[in-house]
file my_file-v5.tsv (TSV, C-alpha atoms)
chain	number	residue	atom	x	y	z
A	29	MET	CA	120.93	18.24	83.27
A	30	PRO	CA	119.31	21.38	84.76
A	31	ALA	CA	120.57	22.87	88.01
A	32	SER	CA	118.60	21.85	91.07
A	33	SER	CA	115.63	24.10	91.78
A	34	ALA	CA	114.55	22.81	95.17
A	35	PRO	CA	113.49	25.78	97.28
A	36	VAL	CA	115.56	27.03	100.20
A	37	GLU	CA	113.45	29.44	102.21
A	38	THR	CA	116.21	30.71	104.47
A	39	LEU	CA	118.29	32.47	101.82
A	40	ASP	CA	117.02	35.86	100.78
A	41	TYR	CA	118.07	39.49	100.68
A	42	ARG	CA	114.91	41.16	101.95
A	43	HIS	CA	116.94	43.00	104.58
A	44	SER	CA	119.72	44.10	102.26
A	45	PRO	CA	119.98	47.89	102.01
A	46	LEU	CA	120.85	47.45	98.32
A	47	PRO	CA	118.54	45.56	95.96
A	48	VAL	CA	120.04	42.21	94.96
A	49	ARG	CA	119.09	40.96	91.50
A	50	GLU	CA	116.52	38.19	91.81
A	51	GLY	CA	118.43	36.04	89.34
A	52	LEU	CA	121.53	36.24	91.50
A	53	ALA	CA	119.63	35.46	94.70
A	54	ALA	CA	117.80	32.59	93.02
A	55	SER	CA	121.08	31.07	91.88
A	56	GLN	CA	122.30	31.13	95.47
A	57	ARG	CA	119.10	29.47	96.66
A	58	ARG	CA	119.65	26.72	94.09
A	59	ALA	CA	123.25	26.37	95.26
A	60	TRP	CA	122.17	26.09	98.88
A	61	ALA	CA	119.51	23.54	97.97
A	62	ARG	CA	122.09	21.51	96.09
A	63	LEU	CA	124.48	21.76	99.00
A	64	ALA	CA	121.86	20.25	101.31
A	65	GLU	CA	121.12	17.27	99.10
A	66	PRO	CA	123.05	14.00	98.85
A	67	GLY	CA	125.78	14.44	96.28
A	68	GLU	CA	127.25	12.06	93.80
A	69	TRP	CA	129.73	10.69	96.36
A	70	TRP	CA	129.10	12.38	99.71
A	71	PRO	CA	125.95	12.15	101.83
A	72	ALA	CA	124.32	15.50	102.52
A	73	ALA	CA	125.60	15.54	106.11
A	74	VAL	CA	129.18	15.30	104.87
A	75	ARG	CA	128.58	18.06	102.31
A	76	ILE	CA	127.31	20.34	105.07
A	77	ALA	CA	130.25	19.37	107.28
A	78	ILE	CA	132.59	20.30	104.42
A	79	ALA	CA	130.79	23.63	104.25
A	80	GLU	CA	131.29	24.10	108.00
A	81	GLU	CA	135.00	23.34	107.65
A	82	THR	CA	135.23	25.79	104.77
A	83	ARG	CA	134.05	28.47	107.14
A	84	ALA	CA	136.14	27.26	110.07
A	85	ALA	CA	139.37	27.22	108.06
A	86	THR	CA	139.77	30.99	108.11
A	87	ALA	CA	140.01	30.89	111.91
A	88	CYS	CA	142.30	27.85	112.05
A	89	ALA	CA	145.61	28.67	113.78
A	90	PHE	CA	147.47	25.91	111.98
A	91	CYS	CA	146.26	27.20	108.60
A	92	ALA	CA	147.47	30.69	109.52
A	93	GLU	CA	150.87	29.36	110.55
A	94	ARG	CA	151.19	27.32	107.39
A	95	LYS	CA	150.07	30.19	105.20
A	96	ALA	CA	152.82	32.34	106.70
A	97	ALA	CA	155.50	29.69	106.23
A	98	LEU	CA	157.86	29.72	103.28
A	99	SER	CA	156.61	26.26	102.36
A	100	PRO	CA	153.30	24.75	103.48
A	101	TYR	CA	155.21	21.54	104.18
A	102	SER	CA	157.69	23.17	106.55
A	103	VAL	CA	155.27	23.28	109.48
A	104	SER	CA	153.31	20.56	111.19
A	105	GLY	CA	150.35	20.62	113.51
A	106	ARG	CA	146.64	19.95	113.76
A	107	HIS	CA	143.78	21.90	112.31
A	108	THR	CA	141.19	23.56	114.48
A	109	ALA	CA	138.35	21.49	113.09
A	110	ALA	CA	134.69	22.33	113.42
A	111	THR	CA	133.46	18.83	112.63
A	112	ASP	CA	134.38	15.18	113.07
A	113	LEU	CA	135.32	14.73	109.42
A	114	PRO	CA	138.41	12.57	108.82
A	115	ASP	CA	141.73	14.42	109.08
A	116	VAL	CA	142.46	14.02	105.38
A	117	LEU	CA	139.19	15.68	104.46
A	118	VAL	CA	139.65	18.50	106.98
A	119	ASP	CA	143.15	19.15	105.64
A	120	THR	CA	141.93	19.12	102.05
A	121	VAL	CA	139.15	21.61	102.76
A	122	HIS	CA	141.32	23.92	104.87
A	123	ARG	CA	144.16	24.04	102.33
A	124	ILE	CA	141.82	24.80	99.42
A	125	ARG	CA	140.13	27.51	101.47
A	126	THR	CA	143.20	29.20	102.93
A	127	ASP	CA	146.21	28.56	100.64
A	128	PRO	CA	144.97	27.70	97.15
A	129	GLU	CA	147.79	29.32	95.17
A	130	ARG	CA	150.34	26.88	96.59
A	131	LEU	CA	148.40	23.70	95.90
A	132	THR	CA	150.36	21.19	93.86
A	133	ARG	CA	149.87	17.74	92.41
A	134	ARG	CA	151.67	16.48	95.51
A	135	PHE	CA	148.85	17.90	97.64
A	136	CYS	CA	146.17	16.26	95.51
A	137	ASP	CA	148.02	12.94	95.41
A	138	ALA	CA	148.40	13.01	99.21
A	139	ALA	CA	144.66	13.51	99.62
A	140	LEU	CA	143.99	10.53	97.36
A	141	ALA	CA	146.62	8.44	99.15
A	142	GLY	CA	144.97	9.46	102.42
A	143	GLY	CA	141.74	7.80	101.44
A	144	LEU	CA	139.75	10.14	99.23
A	145	SER	CA	138.75	8.91	95.80
A	146	ASP	CA	139.37	11.29	92.91
A	147	ALA	CA	135.62	11.82	92.58
A	148	GLU	CA	135.23	12.55	96.29
A	149	TYR	CA	138.08	15.03	95.95
A	150	ALA	CA	136.31	16.74	93.03
A	151	GLU	CA	133.03	16.96	94.93
A	152	THR	CA	134.88	18.39	97.93
A	153	VAL	CA	136.44	21.10	95.76
A	154	ALA	CA	132.99	21.91	94.40
A	155	VAL	CA	131.41	22.25	97.83
A	156	VAL	CA	134.24	24.49	99.04
A	157	ALA	CA	133.95	26.67	95.95
A	158	THR	CA	130.18	26.96	96.30
A	159	VAL	CA	130.40	28.06	99.92
A	160	VAL	CA	133.25	30.46	99.17
A	161	ALA	CA	131.20	32.06	96.41
A	162	VAL	CA	128.06	32.62	98.46
A	163	ASP	CA	129.91	33.65	101.63
A	164	THR	CA	132.18	36.02	99.71
A	165	PHE	CA	129.17	37.70	98.15
A	166	CYS	CA	127.69	38.37	101.58
A	167	ASP	CA	131.03	39.58	102.93
A	168	ALA	CA	131.59	41.81	99.92
A	169	MET	CA	128.15	43.34	100.36
A	170	GLY	CA	128.71	43.86	104.08
A	171	LEU	CA	125.83	41.52	104.88
A	172	PRO	CA	125.65	38.64	107.38
A	173	ARG	CA	126.32	35.21	105.94
A	174	HIS	CA	123.45	32.81	105.39
A	175	ALA	CA	122.88	29.92	107.75
A	176	LEU	CA	123.91	26.64	106.20
A	177	PRO	CA	120.97	24.48	105.15
A	178	GLU	CA	119.92	21.33	106.98
A	179	PRO	CA	121.11	18.16	105.25
A	180	VAL	CA	118.51	16.14	103.40
A	181	ALA	CA	118.37	12.39	104.03
A	182	GLY	CA	119.33	10.04	101.23
A	183	GLU	CA	122.17	8.16	99.67
A	184	PRO	CA	124.81	9.46	97.25
A	185	ARG	CA	124.16	8.42	93.66
A	186	ARG	CA	127.74	7.16	93.05
A	187	ARG	CA	127.75	7.41	89.26
A	188	ARG	CA	131.13	7.88	87.65
A	189	PRO	CA	131.11	9.26	84.09
A	190	ALA	CA	132.07	6.46	81.73
A	191	GLY	CA	134.09	8.84	79.60
A	192	ALA	CA	136.25	10.26	82.39
A	193	LYS	CA	139.93	10.04	81.54
A	194	PRO	CA	143.16	11.08	83.28
A	195	GLY	CA	145.62	13.47	81.73
A	196	LEU	CA	144.29	17.01	81.57
A	197	ALA	CA	144.29	17.79	85.29
A	198	TRP	CA	145.37	16.13	88.54
A	199	ILE	CA	142.10	14.22	88.52
A	200	ALA	CA	140.25	12.61	85.63
A	201	THR	CA	138.01	14.81	83.50
A	202	VAL	CA	135.39	14.33	80.80
A	203	ALA	CA	136.19	15.76	77.38
A	204	PRO	CA	133.20	17.09	75.41
A	205	GLU	CA	133.57	14.27	72.91
A	206	ASP	CA	133.48	11.69	75.73
A	207	VAL	CA	130.17	12.80	77.25
A	208	THR	CA	127.75	9.86	77.35
A	209	GLU	CA	124.03	9.62	77.94
A	210	GLY	CA	124.63	9.35	81.67
A	211	GLU	CA	125.88	12.91	81.88
A	212	ALA	CA	124.01	14.40	78.93
A	213	GLY	CA	123.74	18.17	79.28
A	214	LEU	CA	126.99	18.43	81.20
A	215	TYR	CA	128.28	21.25	79.02
A	216	ASP	CA	125.00	22.79	77.90
A	217	GLY	CA	125.49	26.54	77.71
A	218	LEU	CA	129.20	26.19	78.36
A	219	ALA	CA	132.14	26.33	75.99
A	220	ALA	CA	133.62	23.24	77.70
A	221	VAL	CA	136.94	25.01	78.17
A	222	ASN	CA	139.34	23.59	80.73
A	223	ILE	CA	137.87	25.36	83.76
A	224	HIS	CA	134.48	23.83	82.92
A	225	ARG	CA	136.11	20.41	82.64
A	226	ALA	CA	137.99	20.68	85.95
A	227	LEU	CA	135.21	19.11	88.06
A	228	SER	CA	133.57	17.06	85.32
A	229	LEU	CA	134.25	13.88	87.24
A	230	VAL	CA	131.14	14.98	89.15
A	231	PRO	CA	128.92	16.37	86.38
A	232	ALA	CA	126.20	17.75	88.65
A	233	GLU	CA	128.76	19.97	90.34
A	234	VAL	CA	129.84	21.46	87.01
A	235	VAL	CA	126.24	22.25	86.13
A	236	GLY	CA	125.54	23.62	89.59
A	237	PHE	CA	128.64	25.74	89.98
A	238	PHE	CA	128.39	27.31	86.55
A	239	ASP	CA	124.72	28.06	87.17
A	240	LEU	CA	126.00	30.18	90.04
A	241	ASP	CA	128.77	31.58	87.84
A	242	ALA	CA	126.38	32.70	85.12
A	243	GLU	CA	124.46	34.92	87.55
A	244	HIS	CA	127.42	36.34	89.46
A	245	TYR	CA	129.61	36.85	86.39
A	246	LEU	CA	128.00	36.35	82.97
A	247	PRO	CA	126.59	33.41	81.02
A	248	ASP	CA	129.23	31.96	78.71
A	249	ALA	CA	127.37	32.98	75.57
A	250	LEU	CA	127.46	36.64	76.60
A	251	LEU	CA	131.10	36.92	77.59
A	252	ARG	CA	132.24	38.15	74.19
A	253	ASP	CA	129.11	40.08	73.28
A	254	PHE	CA	130.93	43.33	73.85
A	255	GLY	CA	128.31	45.32	71.98
A	256	THR	CA	125.71	44.85	74.70
A	257	GLU	CA	126.00	45.47	78.43
A	258	TYR	CA	124.06	42.95	80.50
A	259	ARG	CA	124.97	44.23	83.96
A	260	ALA	CA	125.24	47.60	85.65
A	261	LEU	CA	129.00	47.06	85.42
A	262	THR	CA	130.41	47.20	81.89
A	263	HIS	CA	132.21	44.27	80.29
A	264	ALA	CA	135.48	46.11	80.85
A	265	GLN	CA	134.75	46.75	84.54
A	266	ILE	CA	133.71	43.14	85.07
A	267	GLU	CA	136.85	41.80	83.42
A	268	PHE	CA	139.09	44.28	85.20
A	269	LEU	CA	137.70	43.32	88.61
A	270	ALA	CA	137.82	39.61	87.77
A	271	ALA	CA	141.45	39.92	86.71
A	272	ARG	CA	142.34	41.88	89.84
A	273	VAL	CA	140.75	39.23	92.09
A	274	SER	CA	142.56	36.46	90.20
A	275	ALA	CA	145.84	38.35	90.50
A	276	ILE	CA	145.41	38.86	94.23
A	277	ASN	CA	144.80	35.14	94.53
A	278	GLN	CA	147.83	34.53	92.28
A	279	CYS	CA	145.73	32.32	90.04
A	280	VAL	CA	147.24	31.63	86.64
A	281	TYR	CA	144.13	30.34	84.88
B	23	MET	CA	142.07	38.47	77.52
B	24	LEU	CA	138.40	39.45	77.68
B	25	LEU	CA	139.42	42.88	78.95
B	26	ARG	CA	141.63	43.24	75.91
B	27	GLY	CA	138.74	42.04	73.70
B	28	SER	CA	136.37	44.54	75.28
B	29	GLY	CA	138.85	47.33	74.59
B	30	GLU	CA	139.28	46.27	70.99
B	31	HIS	CA	135.52	46.41	70.52
B	32	THR	CA	135.11	49.87	71.99
B	33	GLY	CA	138.34	51.28	70.62
B	34	GLU	CA	139.85	51.67	74.07
B	35	ASN	CA	143.45	50.69	74.58
B	36	TYR	CA	143.32	49.50	78.16
B	37	ASP	CA	146.62	49.32	79.98
B	38	LEU	CA	146.61	45.73	81.24
B	39	THR	CA	149.42	46.40	83.70
B	40	ALA	CA	146.80	48.25	85.77
B	41	ILE	CA	145.52	44.82	86.79
B	42	VAL	CA	148.57	44.40	89.02
B	43	ASP	CA	149.41	48.08	89.49
B	44	ASP	CA	149.88	48.90	93.18
B	45	GLY	CA	148.76	52.44	92.56
B	46	GLY	CA	145.40	51.42	91.11
B	47	SER	CA	145.86	53.56	88.02
B	48	GLY	CA	143.00	51.82	86.29
B	49	GLY	CA	144.44	51.63	82.82
B	50	GLY	CA	141.51	53.48	81.28
B	51	VAL	CA	138.67	51.39	82.76
B	52	ALA	CA	135.94	53.52	84.34
B	53	ALA	CA	136.02	53.54	88.15
B	54	ALA	CA	139.00	51.19	88.08
B	55	GLY	CA	140.67	52.93	90.98
B	56	ALA	CA	137.66	52.29	93.21
B	57	LEU	CA	137.28	48.73	91.88
B	58	THR	CA	140.95	48.09	92.66
B	59	ALA	CA	140.64	49.52	96.16
B	60	TYR	CA	137.49	47.42	96.76
B	61	ALA	CA	139.18	44.19	95.73
B	62	ASP	CA	142.43	44.93	97.51
B	63	ALA	CA	140.73	45.88	100.78
B	64	PHE	CA	138.57	42.77	100.71
B	65	PHE	CA	141.62	40.54	100.81
B	66	ASP	CA	143.69	42.66	103.20
B	67	ASP	CA	142.57	42.65	106.82
B	68	GLY	CA	144.75	45.67	107.41
B	69	GLN	CA	142.63	47.86	105.14
B	70	ASP	CA	139.25	49.49	105.77
B	71	PHE	CA	137.00	47.42	103.55
B	72	ALA	CA	133.81	49.26	104.52
B	73	ALA	CA	135.38	52.53	103.40
B	74	ALA	CA	136.51	50.99	100.11
B	75	ARG	CA	133.00	49.64	99.52
B	76	GLU	CA	131.46	53.04	100.26
B	77	ARG	CA	133.86	54.71	97.83
B	78	LEU	CA	132.94	52.23	95.11
B	79	HIS	CA	129.23	52.60	95.90
B	80	ALA	CA	129.48	56.35	95.56
B	81	GLU	CA	131.20	56.03	92.19
B	82	ILE	CA	129.11	53.32	90.52
B	83	GLY	CA	125.76	53.15	92.35
B	84	ASP	CA	123.54	50.48	93.88
B	85	GLU	CA	123.14	47.96	91.08
B	86	ALA	CA	126.76	48.06	89.98
B	87	LEU	CA	127.99	47.54	93.53
B	88	VAL	CA	125.90	44.38	93.74
B	89	ASP	CA	127.39	43.28	90.43
B	90	ALA	CA	130.89	43.99	91.74
B	91	ALA	CA	130.24	41.88	94.83
B	92	GLY	CA	129.04	39.08	92.57
B	93	VAL	CA	132.13	39.17	90.37
B	94	LEU	CA	134.47	39.31	93.36
B	95	ALA	CA	132.61	36.39	94.94
B	96	ILE	CA	132.58	34.05	91.98
B	97	PHE	CA	136.21	34.66	91.07
B	98	ASN	CA	137.27	34.06	94.65
B	99	ALA	CA	135.66	30.65	94.17
B	100	VAL	CA	136.75	29.87	90.61
B	101	VAL	CA	140.41	30.33	91.47
B	102	ARG	CA	140.06	27.53	94.00
B	103	ILE	CA	138.65	25.16	91.41
B	104	ALA	CA	141.53	25.94	89.08
B	105	ASP	CA	144.19	25.71	91.76
B	106	ALA	CA	142.85	22.57	93.45
B	107	THR	CA	142.52	20.55	90.25
B	108	GLY	CA	145.68	21.66	88.46
B	109	ILE	CA	143.66	22.45	85.38
B	110	PRO	CA	146.01	23.99	82.79
B	111	LEU	CA	145.43	27.06	80.71
B	112	GLU	CA	144.49	26.15	77.15
B	113	ASP	CA	147.43	26.30	74.73
B	114	GLN	CA	145.59	28.81	72.57
B	115	LYS	CA	144.92	31.14	75.50
B	116	ALA	CA	148.48	30.78	76.77
B	117	GLY	CA	149.77	31.79	73.34
B	118	MET	CA	147.41	34.73	72.98
B	119	SER	CA	148.22	36.05	76.45
B	120	ALA	CA	151.94	35.27	76.52
B	121	ASP	CA	152.96	38.90	76.13
B	122	PHE	CA	151.05	40.36	79.03
B	123	ARG	CA	151.29	37.28	81.28
B	124	ASP	CA	155.02	37.75	81.35
B	125	ALA	CA	154.79	41.53	81.69
B	126	LEU	CA	152.34	41.24	84.57
B	127	GLY	CA	154.40	38.62	86.39
B	128	ILE	CA	151.66	36.01	86.19
B	129	ASN	CA	154.15	33.36	85.11
B	130	ASP	CA	155.99	33.88	88.41
B	131	TYR	CA	153.02	32.86	90.55
B	132	PRO	CA	153.59	29.63	92.52
B	133	ALA	CA	150.59	28.05	90.81
B	134	ALA	CA	152.12	28.70	87.38
B	135	ALA	CA	154.48	25.76	87.64
B	136	GLY	CA	153.46	23.30	84.97
B	137	LYS	CA	150.21	25.04	84.06
B	138	VAL	CA	151.24	27.31	81.23

call {"tool": "encode", "arguments": {"input": "my_file-v5.tsv", "output": "C-alpha cells"}}
result
Amino acid sequence: MPASSAPVETLDYRHSPLPVREGLAASQRRAWARLAEPGEWWPAAVRIAIAEETRAATACAFCAERKAALSPYSVSGRHTAATDLPDVLVDTVHRIRTDPERLTRRFCDAALAGGLSDAEYAETVAVVATVVAVDTFCDAMGLPRHALPEPVAGEPRRRRPAGAKPGLAWIATVAPEDVTEGEAGLYDGLAAVNIHRALSLVPAEVVGFFDLDAEHYLPDALLRDFGTEYRALTHAQIEFLAARVSAINQCVY
Amino acid sequence: MLLRGSGEHTGENYDLTAIVDDGGSGGGVAAAGALTAYADAFFDDGQDFAAARERLHAEIGDEALVDAAGVLAIFNAVVRIADATGIPLEDQKAGMSADFRDALGINDYPAAAGKV
C-alpha cells in the first residue's frame, strides 16, 4: 500500500530563501495529491472543504471564546464557517484544530451521534492533521502557505477493514494481527504502535500520514539508531523539540 | 523516552525537566535554548516568532532550521491524531516513563484522563 505519488505542480519551495530537502517537499506534494483525491469515505470536494475549515478555525470567534472558557461545554454559539459543510463536521474540524488537548470521548461520541460514521470521523482527523502539518511547516519557515489543491472527481471507495475492532481507542482500530488482504501493507515500515493504529479504520490515511511523518521527523526504523545522524539536527535535538511541542500542546502520548 | 535513549547512547545525562522548563535551560541538549524559544514563540502570538527563528537559524544553520520546522510541523499534527482518537499510551511506555511523566506534570494534562 504505497503512498500516493500523483504529482501536484503547485507545491514547491523554489522561492524559499532556505533550501528545503527534496524528500520533505516531495512528501508534501504526495500529501496534497492525496488530499485532492476521493478518500475512503469522503469525496474529494468534502476533503478540500475540511481543509478549508481547518484553516478557517483559527480565525473563528466562537472557537476563540470556547478555547478561553474553563470548559468547552460552558459556552454556546456558532462557528464562523468557511464552507457549507454540515454543522457537526464543522464543529469536529474546528475543535480538533483549535482545542485538541481537551477532546474527550464525549466529544467523539457527540460527533458520531450527530451523523458522522466512525470511519468518516477518522478520515476527518487525518485530513485535519495533514493540513496542520503542511501549513505549520510553512508558518514555521516564515513562508506563505500553499494553495489548496483542486478536488479530483470520483467516488469514495468505502472499504472498511474487516479486522477493525473497538476497544483500543474511541473509534475502532486494526491490530497488526487483524490486517487482511484488503489493507495489506498498512503497517509496512511502521512498528504498529498505538499512534500508528489510531487512524487504521482508514488504512490509506495511516500510510499517507506516516509517509509525511517519515520525512518531517524520521522513518520508524531510524528512530533508535542513535549511532547515526540522519538529519542536520541530532537525534537529541529532534527529540527535545518534539517533546517541547507535545508539552506545549499538552499531549500525553 | 527517545531523548533519554539518545542520551544513554552518547553518554549524556540529559535533564528531561528542561522539556517543560520555563527558562529554557536545555538540559544539556545543544542549542536547546534556541529550540525552546522557537517552539514557544510559534505557539504564543504575544512573542516575536521571527526573532526566535532568526536566533535558531544563527545557532544551527540552514539545513537544521528546515529540519526544526519539519519536526515542529509534524508534531503539531500528530498530537491532534492522538487527542482526537483517544489513543492510549502503551502500557510498556507508560511504565518506562512513569518517573519523568509525573515529575514533568504530564499526568496533569487534561488529555491524560484515562490515557495512561

call {"tool": "atom_distance", "arguments": {"input": "my_file-v5.tsv", "atom1": "CA of Leu52 in chain A", "atom2": "CA of Glu233 in chain A"}}
result
17.8 Å

call {"tool": "interface_residues", "arguments": {"input": "my_file-v5.tsv", "of": "chain B", "to": "chain A", "cutoff": "7 Å", "atoms": "all atoms listed in the file", "output": "VMD selection string"}}
result
chain B and resid 24 to 25 28 31 41 to 42 51 to 52 57 to 58 61 84 to 86 88 to 89 91 to 112 128 131 to 134

call {"tool": "atom_distance", "arguments": {"input": "my_file-v5.tsv", "atom1": "CA of Pro177 in chain A", "atom2": "CA of Val235 in chain A"}}
result
19.9 Å

call {"tool": "atom_distance", "arguments": {"input": "my_file-v5.tsv", "atom1": "CA of Asp113 in chain B", "atom2": "CA of Asn129 in chain B"}}
result
14.2 Å

call {"tool": "residues_around", "arguments": {"input": "my_file-v5.tsv", "residues": "Ala72 in chain B", "least_positions_apart": "6", "cutoff": "9 Å", "atoms": "only C-alpha atoms", "output": "list in words"}}
result
Gly170 of chain A; Tyr60, Ala63 and Phe64 of chain B

call {"tool": "residues_near_point", "arguments": {"input": "my_file-v5.tsv", "point": "(139.6, 10.8, 98.8)", "cutoff": "12 Å", "atoms": "all atoms listed in the file", "output": "compact mmCIF listing (two decimals) with C-alpha atoms, in the coordinates of the input"}}
result
# COMPACT_ATOMS: atom_id res chain seq x y z
CA TRP A 69 129.73 10.69 96.36
CA TRP A 70 129.10 12.38 99.71
CA PRO A 114 138.41 12.57 108.82
CA ASP A 115 141.73 14.42 109.08
CA VAL A 116 142.46 14.02 105.38
CA LEU A 117 139.19 15.68 104.46
CA VAL A 118 139.65 18.50 106.98
CA ASP A 119 143.15 19.15 105.64
CA THR A 120 141.93 19.12 102.05
CA VAL A 121 139.15 21.61 102.76
CA PHE A 135 148.85 17.90 97.64
CA CYS A 136 146.17 16.26 95.51
CA ASP A 137 148.02 12.94 95.41
CA ALA A 138 148.40 13.01 99.21
CA ALA A 139 144.66 13.51 99.62
CA LEU A 140 143.99 10.53 97.36
CA ALA A 141 146.62 8.44 99.15
CA GLY A 142 144.97 9.46 102.42
CA GLY A 143 141.74 7.80 101.44
CA LEU A 144 139.75 10.14 99.23
CA SER A 145 138.75 8.91 95.80
CA ASP A 146 139.37 11.29 92.91
CA ALA A 147 135.62 11.82 92.58
CA GLU A 148 135.23 12.55 96.29
CA TYR A 149 138.08 15.03 95.95
CA ALA A 150 136.31 16.74 93.03
CA GLU A 151 133.03 16.96 94.93
CA THR A 152 134.88 18.39 97.93
CA VAL A 153 136.44 21.10 95.76
CA ILE A 199 142.10 14.22 88.52

call {"tool": "build_atoms", "arguments": {"input": "my_file-v5.tsv", "residues": "range 63-83 of chain B", "atoms": "N, CA and C atoms", "output": "compact mmCIF listing (two decimals), keeping the file's coordinate frame"}}
result
# COMPACT_ATOMS: atom_id res chain seq x y z
N ALA B 63 141.12 45.79 99.37
CA ALA B 63 140.73 45.88 100.78
C ALA B 63 140.01 44.63 101.24
N PHE B 64 139.28 43.99 100.32
CA PHE B 64 138.57 42.77 100.71
C PHE B 64 139.54 41.69 101.18
N PHE B 65 140.68 41.62 100.51
CA PHE B 65 141.62 40.54 100.81
C PHE B 65 142.73 40.96 101.78
N ASP B 66 142.65 42.17 102.29
CA ASP B 66 143.69 42.66 103.20
C ASP B 66 143.03 43.12 104.49
N ASP B 67 143.20 42.31 105.54
CA ASP B 67 142.57 42.65 106.82
C ASP B 67 143.06 43.97 107.38
N GLY B 68 144.20 44.41 106.90
CA GLY B 68 144.75 45.67 107.41
C GLY B 68 144.12 46.90 106.80
N GLN B 69 143.26 46.72 105.79
CA GLN B 69 142.63 47.86 105.14
C GLN B 69 141.17 48.01 105.58
N ASP B 70 140.63 49.18 105.38
CA ASP B 70 139.25 49.49 105.77
C ASP B 70 138.33 49.11 104.61
N PHE B 71 137.82 47.88 104.66
CA PHE B 71 137.00 47.42 103.55
C PHE B 71 135.68 48.20 103.44
N ALA B 72 135.08 48.52 104.56
CA ALA B 72 133.81 49.26 104.52
C ALA B 72 133.99 50.60 103.81
N ALA B 73 135.12 51.25 104.05
CA ALA B 73 135.38 52.53 103.40
C ALA B 73 135.58 52.34 101.90
N ALA B 74 136.29 51.27 101.53
CA ALA B 74 136.51 50.99 100.11
C ALA B 74 135.18 50.68 99.42
N ARG B 75 134.31 49.95 100.10
CA ARG B 75 133.00 49.64 99.52
C ARG B 75 132.17 50.91 99.36
N GLU B 76 132.22 51.79 100.35
CA GLU B 76 131.46 53.04 100.26
C GLU B 76 131.96 53.92 99.11
N ARG B 77 133.29 53.93 98.94
CA ARG B 77 133.86 54.71 97.83
C ARG B 77 133.36 54.17 96.49
N LEU B 78 133.39 52.84 96.36
CA LEU B 78 132.94 52.23 95.11
C LEU B 78 131.44 52.49 94.90
N HIS B 79 130.68 52.36 95.96
CA HIS B 79 129.23 52.60 95.90
C HIS B 79 128.95 54.01 95.41
N ALA B 80 129.69 54.95 95.95
CA ALA B 80 129.48 56.35 95.56
C ALA B 80 129.82 56.58 94.09
N GLU B 81 130.78 55.82 93.59
CA GLU B 81 131.20 56.03 92.19
C GLU B 81 130.32 55.31 91.18
N ILE B 82 129.79 54.13 91.54
CA ILE B 82 129.11 53.32 90.52
C ILE B 82 127.64 53.06 90.81
N GLY B 83 127.18 53.30 92.05
CA GLY B 83 125.76 53.15 92.35
C GLY B 83 125.36 51.78 92.88
